[in-house]
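So this block is query_8.txt, compact mmCIF, C-alpha atoms:
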# COMPACT_ATOMS: atom_id res chain seq x y z
CA MET A 1 7.42 -2.08 -3.11
CA ILE A 2 6.26 1.47 -3.78
CA ASN A 3 4.57 1.16 -7.15
CA ARG A 4 3.08 3.72 -9.52
CA GLU A 5 -0.44 3.18 -8.23
CA LEU A 6 0.66 4.25 -4.76
CA ILE A 7 2.73 7.12 -6.20
CA ARG A 8 -0.29 8.48 -8.08
CA ILE A 9 -2.42 8.31 -4.91
CA LYS A 10 0.20 10.22 -2.92
CA ILE A 11 0.59 12.86 -5.63
CA VAL A 12 -3.17 13.44 -5.72
CA GLN A 13 -3.18 13.88 -1.95
CA LEU A 14 -0.07 16.09 -1.81
CA THR A 15 -1.07 18.25 -4.79
CA TYR A 16 -4.46 18.93 -3.23
CA ALA A 17 -2.76 19.74 0.10
CA TYR A 18 -0.26 22.01 -1.70
CA TYR A 19 -3.06 24.22 -2.98
CA GLN A 20 -4.91 24.17 0.33
CA ASN A 21 -1.86 25.30 2.31
CA GLY A 22 -0.89 28.94 2.35
CA ASN A 23 2.84 28.29 2.10
CA ARG A 24 3.35 26.97 -1.44
CA ASN A 25 6.96 25.85 -1.36
CA ILE A 26 7.48 23.13 -3.95
CA ASP A 27 10.75 21.89 -2.40
CA ASN A 28 9.05 21.34 0.96
CA ALA A 29 6.06 19.75 -0.77
CA GLU A 30 8.37 17.35 -2.61
CA LYS A 31 10.07 16.37 0.65
CA GLU A 32 6.61 15.72 2.12
CA LEU A 33 5.76 13.52 -0.88
CA PHE A 34 8.80 11.30 -0.40
CA PHE A 35 8.33 11.21 3.36
CA SER A 36 4.74 10.05 2.79
CA LEU A 37 5.97 7.32 0.42
CA SER A 38 8.59 6.20 2.94
CA LYS A 39 5.85 5.84 5.56
CA ALA A 40 4.09 3.38 3.24
CA TYR A 41 7.25 1.26 3.33
CA ASP A 42 7.25 1.51 7.12
CA LEU A 43 3.68 0.16 7.08
CA TYR A 44 4.81 -2.80 4.97
CA ASN A 45 7.47 -3.68 7.55
CA SER A 46 5.08 -3.07 10.46
CA LEU A 47 2.52 -5.48 9.05
CA LEU A 48 5.19 -8.16 8.62
CA ALA A 49 6.20 -7.50 12.24
CA LEU A 50 2.57 -8.04 13.28
CA ILE A 51 2.93 -11.70 12.25
CA LEU A 52 5.80 -11.98 14.71
CA SER A 53 3.83 -10.36 17.53
CA ILE A 54 0.93 -12.76 17.01
CA THR A 55 3.37 -15.69 17.08
CA LYS A 56 5.00 -14.33 20.23
CA GLU A 57 1.59 -14.03 21.94
CA ALA A 58 0.73 -17.60 20.89
CA ARG A 59 4.08 -18.76 22.30
CA HIS A 60 3.31 -17.05 25.61
CA ARG A 61 -0.05 -18.84 25.76
CA ILE A 62 1.57 -22.20 25.01
CA GLU A 63 4.07 -21.67 27.83
CA ILE A 64 1.24 -21.00 30.31
CA GLU A 65 -0.76 -23.98 29.06
CA ALA A 66 2.32 -26.25 29.17
CA ALA A 67 3.09 -25.25 32.77
CA ARG A 68 -0.53 -26.00 33.76
CA ALA A 69 -0.49 -29.35 31.92
CA LEU A 70 2.74 -30.28 33.70
CA ARG A 71 1.25 -29.48 37.11
CA GLU A 72 -1.95 -31.40 36.39
CA GLY A 73 -0.30 -34.34 34.64
CA ARG A 74 -2.15 -33.68 31.37
CA GLU A 75 -0.98 -34.03 27.78
CA MET A 76 1.31 -31.20 26.73
CA PRO A 77 -0.11 -28.74 24.17
CA SER A 78 1.00 -28.88 20.55
CA GLU A 79 3.71 -26.40 19.57
CA LYS A 80 3.06 -26.75 15.85
CA PHE A 81 1.74 -23.21 15.40
CA VAL A 82 4.49 -21.46 17.37
CA ASN A 83 7.13 -23.53 15.57
CA ASN A 84 5.72 -22.58 12.16
CA ARG A 85 8.76 -22.56 9.87
CA PHE A 86 7.72 -19.49 7.91
CA ALA A 87 7.10 -17.46 11.08
CA LEU A 88 10.45 -18.55 12.54
CA GLN A 89 12.23 -17.59 9.32
CA LEU A 90 10.53 -14.21 9.32
CA GLU A 91 11.47 -13.75 12.97
CA SER A 92 15.15 -14.15 12.07
CA ASN A 93 14.98 -12.02 8.91
CA ARG A 94 17.87 -9.55 8.97
CA GLN A 95 16.05 -6.73 7.18
CA LEU A 96 12.98 -6.95 9.36
CA CYS A 97 15.06 -7.21 12.55
CA GLU A 98 16.95 -4.08 11.54
CA PHE A 99 13.70 -2.24 10.91
CA MET A 100 12.27 -3.28 14.27
CA GLU A 101 15.41 -2.24 16.15
CA ASN A 102 14.95 1.33 14.87
CA GLN A 103 11.27 1.64 15.81
CA LYS A 104 10.25 3.44 18.99
CA TYR A 105 6.64 2.28 18.57
CA THR A 106 6.00 -1.47 18.26
CA TRP A 107 3.11 -3.91 18.44
CA GLU A 108 3.99 -4.42 22.11
CA ASP A 109 2.20 -1.07 22.57
CA GLU A 110 -0.96 -2.48 20.95
CA MET A 111 -1.35 -5.82 22.70
CA ASP A 112 -5.17 -5.63 22.74
CA ILE A 113 -5.37 -6.00 18.96
CA VAL A 114 -2.59 -8.62 18.96
CA ARG A 115 -4.48 -10.72 21.54
CA ARG A 116 -7.73 -10.27 19.64
CA LEU A 117 -6.11 -11.43 16.42
CA CYS A 118 -4.59 -14.39 18.24
CA ASP A 119 -8.03 -15.30 19.67
CA ASN A 120 -9.65 -15.10 16.23
CA ILE A 121 -6.92 -17.23 14.67
CA GLU A 122 -7.08 -19.94 17.38
CA GLN A 123 -10.87 -20.13 17.03
CA SER A 124 -10.79 -20.38 13.23
CA THR A 125 -11.31 -23.36 10.96
CA ILE A 126 -8.06 -22.49 9.17
CA TYR A 127 -6.12 -22.93 12.42
CA ALA A 128 -7.97 -26.11 13.42
CA GLU A 129 -7.35 -27.77 10.06
CA TYR A 130 -3.66 -26.81 10.17
CA MET A 131 -3.20 -28.20 13.67
CA GLN A 132 -4.93 -31.47 12.73
CA ASP A 133 -3.21 -31.87 9.36
CA GLY A 134 -0.54 -34.54 9.30
CA GLU A 135 1.45 -32.66 6.66
CA ASP A 136 4.59 -31.19 8.16
CA SER A 137 6.29 -28.99 5.58
CA TYR A 138 7.60 -25.49 5.06
CA GLU A 139 5.13 -24.98 2.20
CA ALA A 140 2.17 -25.83 4.46
CA ASP A 141 3.49 -23.47 7.15
CA ARG A 142 3.91 -20.62 4.67
CA GLU A 143 0.47 -21.22 3.16
CA LEU A 144 -1.09 -21.10 6.62
CA TRP A 145 0.18 -17.57 7.16
CA ARG A 146 -0.94 -16.47 3.71
CA LYS A 147 -4.47 -17.64 4.55
CA LEU A 148 -4.40 -16.15 8.06
CA TYR A 149 -3.16 -12.78 6.83
CA LYS A 150 -5.76 -12.63 4.06
CA THR A 151 -8.57 -13.66 6.42
CA PHE A 152 -7.79 -11.74 9.60
CA ILE A 153 -5.46 -8.84 8.80
CA THR A 154 -6.82 -7.51 5.51
CA ASP A 155 -10.21 -5.75 5.79
CA ASN A 156 -9.94 -5.53 9.58
CA ASP A 157 -11.69 -2.35 10.75
CA ASP A 158 -10.25 -2.49 14.28
CA LEU A 159 -6.73 -2.83 12.95
CA ASP A 160 -7.29 -0.09 10.37
CA ALA A 161 -8.41 2.28 13.13
CA ILE A 162 -5.24 1.60 15.12
CA LEU A 163 -3.04 2.13 12.08
CA GLU A 164 -4.74 5.45 11.33
CA GLU A 165 -4.05 6.58 14.89
CA ARG A 166 -0.40 5.59 14.57
CA SER A 167 0.14 7.51 11.32
CA LEU A 168 -2.04 9.85 9.28
CA TYR A 169 -0.02 8.76 6.25
CA TRP A 170 -1.44 5.24 6.47
CA ASN A 171 -5.10 6.16 5.91
CA ASP A 172 -5.17 5.10 2.26
CA ASP A 173 -2.14 2.83 2.09
CA LYS A 174 -3.16 -0.41 3.73
CA ASP A 175 -5.12 -2.04 0.89
CA ILE A 176 -2.18 -1.65 -1.46
CA VAL A 177 0.43 -2.59 1.16
CA ASP A 178 -1.56 -5.73 2.06
CA THR A 179 -1.05 -7.01 -1.49
CA PHE A 180 2.71 -6.60 -1.07
CA VAL A 181 2.76 -8.41 2.28
CA LEU A 182 0.91 -11.33 0.69
CA LYS A 183 3.34 -11.26 -2.23
CA THR A 184 6.24 -11.32 0.23
CA ILE A 185 4.84 -14.33 2.09
CA LYS A 186 4.50 -16.21 -1.19
CA ARG A 187 8.10 -15.35 -2.19
CA PHE A 188 9.71 -16.66 1.00
CA ASP A 189 12.01 -19.63 0.42
CA GLU A 190 13.25 -21.76 3.31
CA LYS A 191 16.75 -22.13 1.86
CA ASN A 192 17.31 -18.35 2.11
CA LYS A 193 17.00 -18.50 5.91
CA SER A 194 17.60 -15.09 7.57
CA LYS A 195 18.93 -13.60 4.31
CA GLN A 196 15.56 -13.81 2.53
CA GLU A 197 15.13 -10.46 0.79
CA LEU A 198 12.05 -8.40 1.54
CA LEU A 199 10.64 -6.18 -1.19
CA PRO A 200 12.80 -3.08 -1.74
CA GLU A 201 11.36 0.35 -1.01
CA TYR A 202 11.40 1.14 -4.75
CA LYS A 203 11.57 -1.46 -7.50
CA ASP A 204 14.08 0.73 -9.35
CA VAL A 205 15.26 4.32 -9.62
CA GLU A 206 12.78 4.94 -12.46
CA ASP A 207 9.79 4.76 -10.11
CA LYS A 208 11.34 7.30 -7.75
CA ASP A 209 12.09 9.57 -10.72
CA PHE A 210 8.51 9.08 -11.90
CA ALA A 211 7.23 10.45 -8.58
CA ARG A 212 9.53 13.47 -8.64
CA LYS A 213 8.96 14.38 -12.31
CA LEU A 214 5.18 13.92 -12.17
CA PHE A 215 4.77 16.00 -9.01
CA ARG A 216 7.00 18.82 -10.24
CA ALA A 217 5.40 18.91 -13.70
CA THR A 218 1.94 19.06 -12.10
CA ILE A 219 2.81 22.07 -9.94
CA LEU A 220 5.16 24.00 -12.21
CA ASN A 221 2.92 23.79 -15.31
CA ALA A 222 -0.44 24.23 -13.55
CA ASP A 223 -1.51 27.31 -15.51
CA GLN A 224 -0.70 25.71 -18.84
CA TYR A 225 -2.53 22.48 -17.98
CA GLN A 226 -5.61 24.34 -16.80
CA ARG A 227 -5.59 26.27 -20.07
CA PHE A 228 -5.60 22.94 -21.92
CA MET A 229 -8.64 21.97 -19.84
CA SER A 230 -10.45 25.15 -20.87
CA GLU A 231 -9.51 24.76 -24.54
CA ALA A 232 -10.70 21.17 -24.64
CA SER A 233 -13.85 21.68 -22.60
CA ARG A 234 -16.00 23.67 -25.02
CA ASN A 235 -18.52 20.85 -25.06
CA TRP A 236 -18.23 20.40 -21.28
CA ASP A 237 -19.44 22.53 -18.41
CA PHE A 238 -16.09 23.38 -16.82
CA GLY A 239 -17.90 25.04 -13.93
CA ARG A 240 -19.28 21.66 -12.84
CA LEU A 241 -15.84 20.49 -11.77
CA ALA A 242 -15.14 19.98 -8.10
CA TYR A 243 -11.74 21.30 -7.02
CA MET A 244 -10.44 17.74 -6.58
CA ASP A 245 -11.50 17.01 -10.18
CA VAL A 246 -9.28 19.85 -11.41
CA VAL A 247 -6.35 18.49 -9.37
CA ILE A 248 -6.83 14.96 -10.70
CA MET A 249 -7.04 16.13 -14.32
CA GLN A 250 -4.05 18.42 -13.87
CA ILE A 251 -1.95 15.45 -12.73
CA ALA A 252 -3.30 13.28 -15.57
CA ILE A 253 -2.31 15.92 -18.15
CA ALA A 254 1.15 16.16 -16.57
CA GLU A 255 1.52 12.39 -16.97
CA MET A 256 0.33 12.42 -20.59
CA ILE A 257 2.82 15.12 -21.55
CA THR A 258 5.82 14.16 -19.38
CA PHE A 259 5.90 10.38 -19.94
CA SER A 260 5.84 9.46 -23.61
CA ASN A 261 5.99 5.71 -22.85
CA ILE A 262 2.71 5.60 -20.89
CA PRO A 263 -0.32 5.04 -23.17
CA VAL A 264 -3.13 7.60 -22.96
CA SER A 265 -5.66 4.88 -22.10
CA VAL A 266 -3.58 3.77 -19.10
CA THR A 267 -3.32 7.34 -17.78
CA ILE A 268 -7.04 8.03 -18.20
CA ASN A 269 -8.08 4.78 -16.55
CA GLU A 270 -5.73 5.33 -13.59
CA TYR A 271 -7.09 8.80 -12.83
CA VAL A 272 -10.72 7.83 -13.42
CA ASP A 273 -10.20 5.17 -10.73
CA LEU A 274 -8.73 7.80 -8.40
CA ALA A 275 -11.71 10.08 -9.03
CA LYS A 276 -14.03 7.30 -7.88
CA VAL A 277 -12.23 7.28 -4.53
CA TYR A 278 -11.37 10.93 -3.95
CA SER A 279 -14.06 12.99 -5.66
CA THR A 280 -17.83 13.13 -6.13
CA PRO A 281 -19.97 10.18 -7.31
CA LYS A 282 -20.42 11.75 -10.77
CA SER A 283 -16.81 12.78 -11.18
CA ALA A 284 -15.46 9.56 -12.68
CA SER A 285 -17.68 9.65 -15.76
CA TYR A 286 -17.16 13.36 -16.25
CA ILE A 287 -13.37 13.14 -15.87
CA ASN A 288 -13.26 10.17 -18.26
CA GLY A 289 -14.92 12.25 -20.98
CA MET A 290 -12.92 15.38 -20.23
CA LEU A 291 -9.55 13.61 -20.24
CA ASP A 292 -10.40 11.88 -23.51
CA SER A 293 -11.21 15.28 -25.07
CA ILE A 294 -8.06 16.84 -23.60
CA ALA A 295 -5.87 13.98 -24.85
CA ARG A 296 -7.29 14.29 -28.36
CA HIS A 297 -6.69 18.05 -28.22
CA LEU A 298 -3.07 17.48 -27.15
CA VAL A 299 -2.55 14.98 -29.99
CA ASP A 300 -4.22 17.25 -32.58
CA THR A 301 -2.11 20.25 -31.55
CA GLY A 302 1.14 18.26 -31.54
CA LYS A 303 1.74 18.60 -27.80
CA ILE A 304 1.92 14.83 -27.38
CA PHE A 305 2.70 12.10 -29.90
CA LYS A 306 0.61 9.17 -28.82
CA THR A 307 -2.07 7.01 -30.40
CA MET A 308 -5.65 7.31 -29.18
CA ASN A 309 -8.09 4.44 -28.76
CA ASP A 310 -11.48 5.06 -30.33
CA ASN A 311 -13.10 5.09 -26.92
CA GLY A 312 -10.24 6.75 -24.96
CA GLY A 313 -10.51 5.70 -21.32
CA ASN A 314 -13.15 3.11 -20.49
CA LYS A 315 -13.36 2.75 -16.71
CA ALA A 316 -16.09 5.27 -15.98
Is it possible to give me this structure as structure tokens?
Amino acid sequence: MINRELIRIKIVQLTYAYYQNGNRNIDNAEKELFFSLSKAYDLYNSLLALILSITKEARHRIEIEAARALREGREMPSEKFVNNRFALQLESNRQLCEFMENQKYTWEDEMDIVRRLCDNIEQSTIYAEYMQDGEDSYEADRELWRKLYKTFITDNDDLDAILEERSLYWNDDKDIVDTFVLKTIKRFDEKNKSKQELLPEYKDVEDKDFARKLFRATILNADQYQRFMSEASRNWDFGRLAYMDVVIMQIAIAEMITFSNIPVSVTINEYVDLAKVYSTPKSASYINGMLDSIARHLVDTGKIFKTMNDNGGNKA
């Protein structure tokens, strides 16, 4: 689940923090990096567990409504939503159950947001159309939760605020993690029952190695990389750089030099995008030009053996 986009974000954050902290111990900083990445995987599992808490709240409401209907001799409420096949399969998922068993803090501690989400869902057109639809299939049940998650759980400011209170590590993770939750919902297959595999923490060992090598190269070769910046910036005002800009370019240079299989244009575009989020409004364009100059300097001096596009990066 932890992909290179998320790894780059964490390395930008942890490298900046490394230089801001007085105690510059690279081993401790590396442990903090991997702990931060593991918390992103916890968020992934927690957001899947939120689906179960919403279903549990809906089930509680149905039980109350059914008891009232029985007393008053009215028609019993529909149990279609609480018997949603996808939600029931997720509820029995072995990996998710194991995760939840080891958590001290659960959605039971945040019932206000769970009830609010349940209210919003029950009042929605998506819910009404599902309840009225005559189709009764696993695919329809799974698609309902994909729509509900995308509509009510992504871009939810109240939920984001709660997640930030629960973990400082989740401040910038949710948008990326949401895409993986949606991918997981789409991958669920009824025949797999409780053994349906969730996304692994890392796709493969290479991504974990990528994080370690990139972070260590960034820190251990900082002086050399900053010299490359100075050498390549004769046509640029190096003094204009914000401190975060220096950090972002330092990591980009580390990636260019350390990973021969990553094209220069990919590296530049990735870090220009990060500059748009983490630095000043003018930084992205400036960093795009600087990194293009630096990459050409590294190619010309034989420090990297990569081809350059005519326009270098192009996302500024």
### Query
Near Gly302 in chain A, counting all atoms listed in the file, which residues have an atom at most 12 Å away, once you skip same-chain residues fewer than 6 positions from it, shown as number ranges by chain?
A: 257, 295-296
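Of the residues under consideration (A:Ser36, A:Gln95, A:Asn3, A:Asn120), A:Asn3 shows the shortest atom-to-atom contact distance to Tyr202 in chain A when counting all atoms listed in the file.
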List as a compact mmCIF listing (two decimals) with C-alpha atoms, in the coordinates of the input the protein and nucleic acid residues near range 30-35 of chain A, meaning an atom at most 7 Å away when all atoms listed in the file are counted, but skip any in the same chain fewer than 4 places from it.
# COMPACT_ATOMS: atom_id res chain seq x y z
CA LYS A 10 0.20 10.22 -2.92
CA LEU A 14 -0.07 16.09 -1.81
CA ILE A 26 7.48 23.13 -3.95
CA LYS A 39 5.85 5.84 5.56
Students should find that CA of Leu48 in chain A and CA of Asn83 in chain A are spaced 17.0 Å
- Message: Using all atoms listed in the file, can you tell me which of A:Trp107, A:Tyr271, A:Phe180, A:Tyr130 comes closest to Ala40 in chain A?
- Response: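 Looking at the shortest contact to Ala40 in chain A, the residue is A:Phe180.
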With range 138-159 of chain A as the partner and 7 Å as the cut-off, tabulate the residues of range 70-111 of chain A that qualify, each row holding the nearest pair of atoms and their distance in Å to one decimal, using all atoms listed in the file, sorted by chain and rising number, as a Markdown table.
| residue | atom | partner | partner_atom | distance |
| --- | --- | --- | --- | --- |
| A:Asn84 | CA | A:Asp141 | CA | 5.6 |
| A:Arg85 | CA | A:Tyr138 | CA | 5.8 |
| A:Phe86 | CA | A:Arg142 | CA | 5.1 |
From CA of Ile268 in chain A to CA of Ala222 in chain A the spacing works out at 18.1 Å
*asked:* Show me the residues close to (7.0, -12.9, 5.4) - anything with an atom within 7 Å, counting all atoms listed in the file - and format the list as a list in words.
replied: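 Residues satisfying the cut-off, written out: Leu48, Leu90, Val181, Thr184, Ile185 and Phe188 of chain A.
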Incomplete range 275-286 of chain A filled out to all heavy atoms as a CSV table (one decimal), keeping the file's coordinate frame:
chain,number,residue,atom,x,y,z
A,275,ALA,N,-10.5,9.2,-9.2
A,275,ALA,CA,-11.7,10.1,-9.0
A,275,ALA,C,-12.8,9.4,-8.3
A,275,ALA,O,-13.6,10.0,-7.5
A,275,ALA,CB,-12.2,10.6,-10.4
A,276,LYS,N,-13.0,8.1,-8.6
A,276,LYS,CA,-14.0,7.3,-7.9
A,276,LYS,C,-13.8,7.3,-6.4
A,276,LYS,O,-14.8,7.2,-5.6
A,276,LYS,CB,-14.1,5.9,-8.4
A,276,LYS,CG,-14.5,5.8,-9.9
A,276,LYS,CD,-14.4,4.3,-10.4
A,276,LYS,CE,-14.8,4.2,-11.8
A,276,LYS,NZ,-14.6,2.8,-12.4
A,277,VAL,N,-12.6,7.4,-6.0
A,277,VAL,CA,-12.2,7.3,-4.5
A,277,VAL,C,-12.2,8.7,-3.9
A,277,VAL,O,-12.7,8.8,-2.8
A,277,VAL,CB,-10.9,6.6,-4.3
A,277,VAL,CG1,-10.5,6.6,-2.9
A,277,VAL,CG2,-10.9,5.2,-4.9
A,278,TYR,N,-11.7,9.6,-4.6
A,278,TYR,CA,-11.4,10.9,-4.0
A,278,TYR,C,-12.3,12.1,-4.3
A,278,TYR,O,-12.2,13.1,-3.7
A,278,TYR,CB,-9.9,11.3,-4.3
A,278,TYR,CG,-8.9,10.5,-3.6
A,278,TYR,CD1,-8.3,9.5,-4.3
A,278,TYR,CD2,-8.6,10.6,-2.3
A,278,TYR,CE1,-7.3,8.6,-3.7
A,278,TYR,CE2,-7.7,9.8,-1.6
A,278,TYR,CZ,-7.1,8.8,-2.3
A,278,TYR,OH,-6.2,8.0,-1.7
A,279,SER,N,-13.2,11.9,-5.3
A,279,SER,CA,-14.1,13.0,-5.7
A,279,SER,C,-15.5,12.6,-5.6
A,279,SER,O,-15.9,11.7,-4.8
A,279,SER,CB,-13.7,13.5,-7.1
A,279,SER,OG,-14.2,14.8,-7.3
A,280,THR,N,-16.4,13.3,-6.3
A,280,THR,CA,-17.8,13.1,-6.1
A,280,THR,C,-18.3,11.9,-6.9
A,280,THR,O,-17.6,11.4,-7.8
A,280,THR,CB,-18.6,14.4,-6.6
A,280,THR,OG1,-18.4,14.5,-8.1
A,280,THR,CG2,-18.1,15.6,-6.0
A,281,PRO,N,-19.5,11.4,-6.6
A,281,PRO,CA,-20.0,10.2,-7.3
A,281,PRO,C,-20.0,10.3,-8.8
A,281,PRO,O,-19.8,9.3,-9.6
A,281,PRO,CB,-21.4,10.0,-6.7
A,281,PRO,CG,-21.3,10.6,-5.4
A,281,PRO,CD,-20.4,11.8,-5.5
A,282,LYS,N,-20.3,11.5,-9.3
A,282,LYS,CA,-20.4,11.8,-10.8
A,282,LYS,C,-19.1,12.1,-11.4
A,282,LYS,O,-19.0,12.2,-12.7
A,282,LYS,CB,-21.4,12.9,-11.0
A,282,LYS,CG,-22.9,12.5,-10.6
A,282,LYS,CD,-23.8,13.6,-10.9
A,282,LYS,CE,-25.2,13.3,-10.5
A,282,LYS,NZ,-26.2,14.4,-10.8
A,283,SER,N,-18.1,12.3,-10.6
A,283,SER,CA,-16.8,12.8,-11.2
A,283,SER,C,-16.1,11.8,-12.2
A,283,SER,O,-15.6,12.2,-13.2
A,283,SER,CB,-15.8,13.1,-10.0
A,283,SER,OG,-16.3,14.2,-9.3
A,284,ALA,N,-16.2,10.5,-11.9
A,284,ALA,CA,-15.5,9.6,-12.7
A,284,ALA,C,-15.9,9.6,-14.1
A,284,ALA,O,-15.0,9.7,-15.1
A,284,ALA,CB,-15.7,8.2,-12.1
A,285,SER,N,-17.2,9.6,-14.4
A,285,SER,CA,-17.7,9.6,-15.8
A,285,SER,C,-17.3,11.0,-16.4
A,285,SER,O,-16.9,11.0,-17.6
A,285,SER,CB,-19.2,9.5,-15.8
A,285,SER,OG,-19.7,9.5,-17.1
A,286,TYR,N,-17.4,12.0,-15.7
A,286,TYR,CA,-17.2,13.4,-16.2
A,286,TYR,C,-15.7,13.5,-16.6
A,286,TYR,O,-15.3,14.0,-17.7
A,286,TYR,CB,-17.6,14.4,-15.2
A,286,TYR,CG,-17.5,15.8,-15.8
A,286,TYR,CD1,-18.5,16.3,-16.6
A,286,TYR,CD2,-16.5,16.7,-15.4
A,286,TYR,CE1,-18.5,17.6,-17.1
A,286,TYR,CE2,-16.4,18.0,-15.9
A,286,TYR,CZ,-17.5,18.4,-16.8
A,286,TYR,OH,-17.4,19.7,-17.3
